[in-house]
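*Asks:* Take a look at this one; I'll ask things after.
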Amino acid sequence: MAAPAALRSLRGLNDLSEVVSGALGRESLHLRPFAAFRSRPHEQPGLARPRVAYPKPLERLIAAFERFPGIGRRTAERLAFHVLRDPEAGELAEAIRGASATRRCGQCHNVSESDPCALCSDPARDPATILVVEEPRDVEAVERALAYRGRYHVLLGALNPSMGTEERHLTVRALVARVERGGVREVILATDPDSEGEATAQLVLGALDRARAQLTITRLARGVPAGSALEYLHRGVIEDALKGRVSLRQPGPA
Ligand SMILES: [Zn+2]
């Protein structure tokens, strides 16, 4: 069974770093960049052209790029040739090696240089509120908004059985254990507002309902995004905005 994308990418980084170094180590590729890949003299017209065989280190680099989500063979080849041409590409191998040394925080499961991470060990952040997100990049997004001063919990994916992500791949149990240890008053569900995110939120909600803890569970509000125009919005967004409307004024006493 495939692991969640975030974990897979981290695991693949080490390999890629090695492969980039290997491909760059071949001086001959710099000196004779394309000569080796042109058609060969023994090829006869009318005969099927044999598949171009790249040198092994280059082929490994292409295969390593191909393992990334959304990268096909063509793009992988383009990236690999770019690496060969780029005099600074050695830095890429270094950067990849550095990034693959990144670990996960044992509390919130975010990527971090330390365990616990800087967010979990910041005494100025409220430990009684936990915001639950799918991926580390969601933590970055919320932090950029400068609007939240509680703690986080990263699920490391969203429920998506057809893509191989099931409950056991997510950190739901760790969240329940965190809550059961006490000191948490509110859990805010902030999974993506799509079908996988919705299914994930339901899963977390069910798990927290069974947890031995007194908790308020909330979810991020949905509706009209700031800076948008009503006429261009998807009808689902307008429906959510109507359901989640906010009271501005109640009738006063008669
Ligand atoms: Zn943490």
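Ligands are numbered from 1 in the order shown, chains are lettered A, B, ... in the order of the structure tokens, and residues start at 1 in each chain.
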Please give me, as a list in words, the residues lying within 9 Å of ligand 1 when counting only C-alpha atoms and all ligand atoms.
*Replies:* Arg104, Cys105, Gly106, Gln107, Cys108, His109, Asn110, Val111, Ser112, Ser114, Asp115, Pro116, Cys117, Ala118, Leu119, Cys120, Ser121, Arg151, Tyr152, His153 and Val154 of chain A
*Asks:* Compile the contact shell of Arg212 in chain A as a list in words: residues with an atom at most 10 Å away, counting only C-alpha atoms, same-chain residues fewer than 6 positions apart removed.
*Replies:* Val176, Ala177, Val179, Glu180, Arg181 and Gly182 of chain A
*Asks:* Near Thr129 in chain A, within 12 Å and counting only C-alpha atoms, which residues show up once chain neighbours fewer than 3 positions away are dropped, as a PyMOL selection string?
*Replies:* chain A and resi 120+125-126+132+148-153+178-179+182-189+215-218
*Asks:* To one decimal place, how far is CA of His82 in chain A from CA of Ser100 in chain A in Å?
*Replies:*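 Interatomic distance here is 21.8 Å.
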*Asks:* Mind checking which residues fall within 6 Å of range 220-230 of chain A, counting only C-alpha atoms, ignoring those fewer than 2 positions away in the same chain, and posting them as an MDAnalysis selection string?
*Replies:* chainID A and resid 190 232:233 237 240:241
*Asks:* Looking at A:Gly236, A:His169, A:Ser17, A:Arg210, which one is nearest to Ala101 in chain A, with distances taken over only C-alpha atoms?
*Replies:* A:Ser17
*Asks:* Counting only C-alpha atoms, what is within 12 Å of Ala199 in chain A, bar same-chain residues fewer than 3 positions away, as an mmCIF file with N, CA and C atoms, in the first residue's frame?
*Replies:*
data_model
loop_
_atom_site.group_PDB
_atom_site.id
_atom_site.type_symbol
_atom_site.label_atom_id
_atom_site.label_comp_id
_atom_site.auth_asym_id
_atom_site.auth_seq_id
_atom_site.Cartn_x
_atom_site.Cartn_y
_atom_site.Cartn_z
ATOM 1 N N GLU A 134 -4.143 19.076 7.079
ATOM 2 C CA GLU A 134 -3.725 17.881 6.346
ATOM 3 C C GLU A 134 -2.202 17.806 6.190
ATOM 4 N N GLY A 157 -1.796 14.030 5.418
ATOM 5 C CA GLY A 157 -2.568 13.571 4.262
ATOM 6 C C GLY A 157 -4.051 13.696 4.529
ATOM 7 N N ALA A 158 -4.830 13.241 3.553
ATOM 8 C CA ALA A 158 -6.283 13.222 3.689
ATOM 9 C C ALA A 158 -6.754 11.833 3.281
ATOM 10 N N LEU A 159 -7.877 11.442 3.860
ATOM 11 C CA LEU A 159 -8.428 10.117 3.564
ATOM 12 C C LEU A 159 -8.726 10.010 2.068
ATOM 13 N N ASN A 160 -8.118 9.043 1.404
ATOM 14 C CA ASN A 160 -8.348 8.865 -0.030
ATOM 15 C C ASN A 160 -8.012 7.422 -0.410
ATOM 16 N N PRO A 161 -8.942 6.485 -0.084
ATOM 17 C CA PRO A 161 -8.641 5.058 -0.273
ATOM 18 C C PRO A 161 -8.261 4.725 -1.721
ATOM 19 N N THR A 165 -4.455 6.194 0.502
ATOM 20 C CA THR A 165 -4.303 6.826 1.821
ATOM 21 C C THR A 165 -5.497 6.445 2.695
ATOM 22 N N GLU A 166 -5.197 5.648 3.721
ATOM 23 C CA GLU A 166 -6.248 5.187 4.622
ATOM 24 C C GLU A 166 -5.997 5.751 6.020
ATOM 25 N N GLU A 167 -6.924 5.416 6.918
ATOM 26 C CA GLU A 167 -6.826 5.966 8.279
ATOM 27 C C GLU A 167 -5.466 5.680 8.916
ATOM 28 N N LEU A 189 -11.024 21.861 13.278
ATOM 29 C CA LEU A 189 -10.768 21.055 12.084
ATOM 30 C C LEU A 189 -10.579 21.987 10.889
ATOM 31 N N THR A 191 -9.292 20.852 7.690
ATOM 32 C CA THR A 191 -8.949 20.070 6.492
ATOM 33 C C THR A 191 -9.477 20.818 5.278
ATOM 34 N N ASP A 192 -8.990 20.452 4.088
ATOM 35 C CA ASP A 192 -9.413 21.161 2.870
ATOM 36 C C ASP A 192 -10.922 21.015 2.640
ATOM 37 N N PRO A 193 -11.557 22.055 2.074
ATOM 38 C CA PRO A 193 -13.001 21.956 1.828
ATOM 39 C C PRO A 193 -13.311 21.195 0.532
ATOM 40 N N ASP A 194 -12.729 19.991 0.362
ATOM 41 C CA ASP A 194 -13.072 19.137 -0.786
ATOM 42 C C ASP A 194 -13.550 17.792 -0.244
ATOM 43 N N SER A 195 -13.869 16.827 -1.134
ATOM 44 C CA SER A 195 -14.493 15.599 -0.628
ATOM 45 C C SER A 195 -13.536 14.819 0.280
ATOM 46 N N GLU A 196 -12.232 14.788 -0.074
ATOM 47 C CA GLU A 196 -11.272 14.065 0.783
ATOM 48 C C GLU A 196 -11.151 14.753 2.145
ATOM 49 N N GLN A 202 -14.648 14.154 9.038
ATOM 50 C CA GLN A 202 -15.623 13.249 9.664
ATOM 51 C C GLN A 202 -14.915 12.161 10.458
ATOM 52 N N LEU A 203 -13.821 11.646 9.879
ATOM 53 C CA LEU A 203 -13.037 10.602 10.543
ATOM 54 C C LEU A 203 -12.467 11.119 11.869
ATOM 55 N N VAL A 204 -11.879 12.321 11.819
ATOM 56 C CA VAL A 204 -11.272 12.910 13.020
ATOM 57 C C VAL A 204 -12.355 13.187 14.062
ATOM 58 N N LEU A 205 -13.496 13.709 13.591
ATOM 59 C CA LEU A 205 -14.610 14.016 14.485
ATOM 60 C C LEU A 205 -15.065 12.755 15.219
ATOM 61 N N GLY A 206 -15.218 11.649 14.454
ATOM 62 C CA GLY A 206 -15.634 10.373 15.052
ATOM 63 C C GLY A 206 -14.626 9.910 16.096
#
*Asks:* Determine which residues of range 187-238 of chain A receive a DSSP assignment of strand (DSSP E), computed from the backbone, and state them as an MDAnalysis selection string.
*Replies:* chainID A and resid 187:189 216:219
*Asks:* Could you write out the selected residues, including C-alpha atoms, as an mmCIF file, in the first residue's frame?
*Replies:*
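What ended up in part14.cif:
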data_model
loop_
_atom_site.group_PDB
_atom_site.id
_atom_site.type_symbol
_atom_site.label_atom_id
_atom_site.label_comp_id
_atom_site.auth_asym_id
_atom_site.auth_seq_id
_atom_site.Cartn_x
_atom_site.Cartn_y
_atom_site.Cartn_z
ATOM 1 C CA VAL A 187 -9.839 21.232 18.418
ATOM 2 C CA ILE A 188 -10.356 23.205 15.205
ATOM 3 C CA LEU A 189 -10.768 21.055 12.084
ATOM 4 C CA THR A 216 -15.141 21.802 21.962
ATOM 5 C CA ILE A 217 -14.729 20.783 18.318
ATOM 6 C CA THR A 218 -15.063 23.475 15.670
ATOM 7 C CA ARG A 219 -14.400 23.764 11.964
#
*Asks:* Which of these residues is nearest to Arg78 in chain A, using only C-alpha atoms: A:Thr102, A:Phe65, A:Ile130, A:Val172?
*Replies:*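 Smallest separation from Arg78 in chain A among the options: A:Phe65.
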*Asks:* Mind listing the alpha helix (DSSP H) residues of range 108-238 of chain A, per DSSP on the backbone, as a PyMOL selection string?
*Replies:* chain A and resi 136-144+172-180+195-210+235-238
*Asks:* At a cut-off of 12 Å, using only C-alpha atoms, what residues contact Glu94 in chain A? Leave out same-chain residues fewer than 3 positions from it and give the result as a PyMOL selection string.
*Replies:* chain A and resi 13-14+16-21+88-91+97-101
*Asks:* Taking N, CA and C atoms for each residue, export the selection above as a PDB file, in the first residue's frame.
*Replies:*
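Resulting contents of selection.pdb:
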ATOM      1  N   LEU A  13      13.793  11.809  -1.271  1.00  0.00           N
ATOM      2  CA  LEU A  13      14.784  12.879  -1.364  1.00  0.00           C
ATOM      3  C   LEU A  13      16.215  12.361  -1.279  1.00  0.00           C
ATOM      4  N   ASN A  14      16.451  11.435  -0.348  1.00  0.00           N
ATOM      5  CA  ASN A  14      17.798  10.904  -0.181  1.00  0.00           C
ATOM      6  C   ASN A  14      18.304  10.304  -1.471  1.00  0.00           C
ATOM      7  N   LEU A  16      17.309  10.919  -4.488  1.00  0.00           N
ATOM      8  CA  LEU A  16      17.484  11.921  -5.535  1.00  0.00           C
ATOM      9  C   LEU A  16      18.811  12.654  -5.345  1.00  0.00           C
ATOM     10  N   SER A  17      19.137  12.973  -4.095  1.00  0.00           N
ATOM     11  CA  SER A  17      20.387  13.675  -3.833  1.00  0.00           C
ATOM     12  C   SER A  17      21.562  12.862  -4.345  1.00  0.00           C
ATOM     13  N   GLU A  18      21.532  11.557  -4.056  1.00  0.00           N
ATOM     14  CA  GLU A  18      22.599  10.670  -4.503  1.00  0.00           C
ATOM     15  C   GLU A  18      22.671  10.641  -6.021  1.00  0.00           C
ATOM     16  N   VAL A  19      21.485  10.579  -6.622  1.00  0.00           N
ATOM     17  CA  VAL A  19      21.400  10.466  -8.066  1.00  0.00           C
ATOM     18  C   VAL A  19      21.894  11.742  -8.739  1.00  0.00           C
ATOM     19  N   VAL A  20      21.533  12.922  -8.166  1.00  0.00           N
ATOM     20  CA  VAL A  20      22.000  14.194  -8.735  1.00  0.00           C
ATOM     21  C   VAL A  20      23.517  14.223  -8.675  1.00  0.00           C
ATOM     22  N   SER A  21      24.079  13.838  -7.511  1.00  0.00           N
ATOM     23  CA  SER A  21      25.535  13.830  -7.380  1.00  0.00           C
ATOM     24  C   SER A  21      26.139  12.891  -8.413  1.00  0.00           C
ATOM     25  N   GLU A  88      25.416  25.443 -11.255  1.00  0.00           N
ATOM     26  CA  GLU A  88      25.116  25.531  -9.814  1.00  0.00           C
ATOM     27  C   GLU A  88      24.395  24.281  -9.303  1.00  0.00           C
ATOM     28  N   ALA A  89      24.216  23.283 -10.173  1.00  0.00           N
ATOM     29  CA  ALA A  89      23.364  22.153  -9.785  1.00  0.00           C
ATOM     30  C   ALA A  89      23.912  21.369  -8.601  1.00  0.00           C
ATOM     31  N   GLY A  90      25.229  21.489  -8.353  1.00  0.00           N
ATOM     32  CA  GLY A  90      25.805  20.817  -7.186  1.00  0.00           C
ATOM     33  C   GLY A  90      25.099  21.258  -5.917  1.00  0.00           C
ATOM     34  N   GLU A  91      24.653  22.526  -5.902  1.00  0.00           N
ATOM     35  CA  GLU A  91      23.937  23.051  -4.734  1.00  0.00           C
ATOM     36  C   GLU A  91      22.625  22.306  -4.507  1.00  0.00           C
ATOM     37  N   ARG A  97      20.155  16.913   0.223  1.00  0.00           N
ATOM     38  CA  ARG A  97      20.711  16.157   1.349  1.00  0.00           C
ATOM     39  C   ARG A  97      20.302  16.830   2.667  1.00  0.00           C
ATOM     40  N   GLY A  98      20.381  18.179   2.697  1.00  0.00           N
ATOM     41  CA  GLY A  98      19.999  18.913   3.909  1.00  0.00           C
ATOM     42  C   GLY A  98      18.535  18.718   4.228  1.00  0.00           C
ATOM     43  N   ALA A  99      17.681  18.816   3.188  1.00  0.00           N
ATOM     44  CA  ALA A  99      16.231  18.723   3.413  1.00  0.00           C
ATOM     45  C   ALA A  99      15.836  17.334   3.879  1.00  0.00           C
ATOM     46  N   SER A 100      16.537  16.300   3.401  1.00  0.00           N
ATOM     47  CA  SER A 100      16.126  14.954   3.803  1.00  0.00           C
ATOM     48  C   SER A 100      16.533  14.651   5.246  1.00  0.00           C
ATOM     49  N   ALA A 101      17.364  15.531   5.837  1.00  0.00           N
ATOM     50  CA  ALA A 101      17.698  15.358   7.253  1.00  0.00           C
ATOM     51  C   ALA A 101      16.599  15.959   8.135  1.00  0.00           C
TER      52      ALA A 101
END
*Asks:* In Å, rounded to a single decimal, give me how far CA of Leu61 in chain A is from CA of Ala80 in chain A.
*Replies:*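 Taking CA of Ala80 in chain A and CA of Leu61 in chain A, their separation equals 6.2 Å.
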*Asks:* Could you tell me how far CA of Ser162 in chain A sits from CA of Arg74 in chain A, in Å to one decimal place?
*Replies:*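 Pair CA of Arg74 in chain A / CA of Ser162 in chain A returns 25.9 Å.
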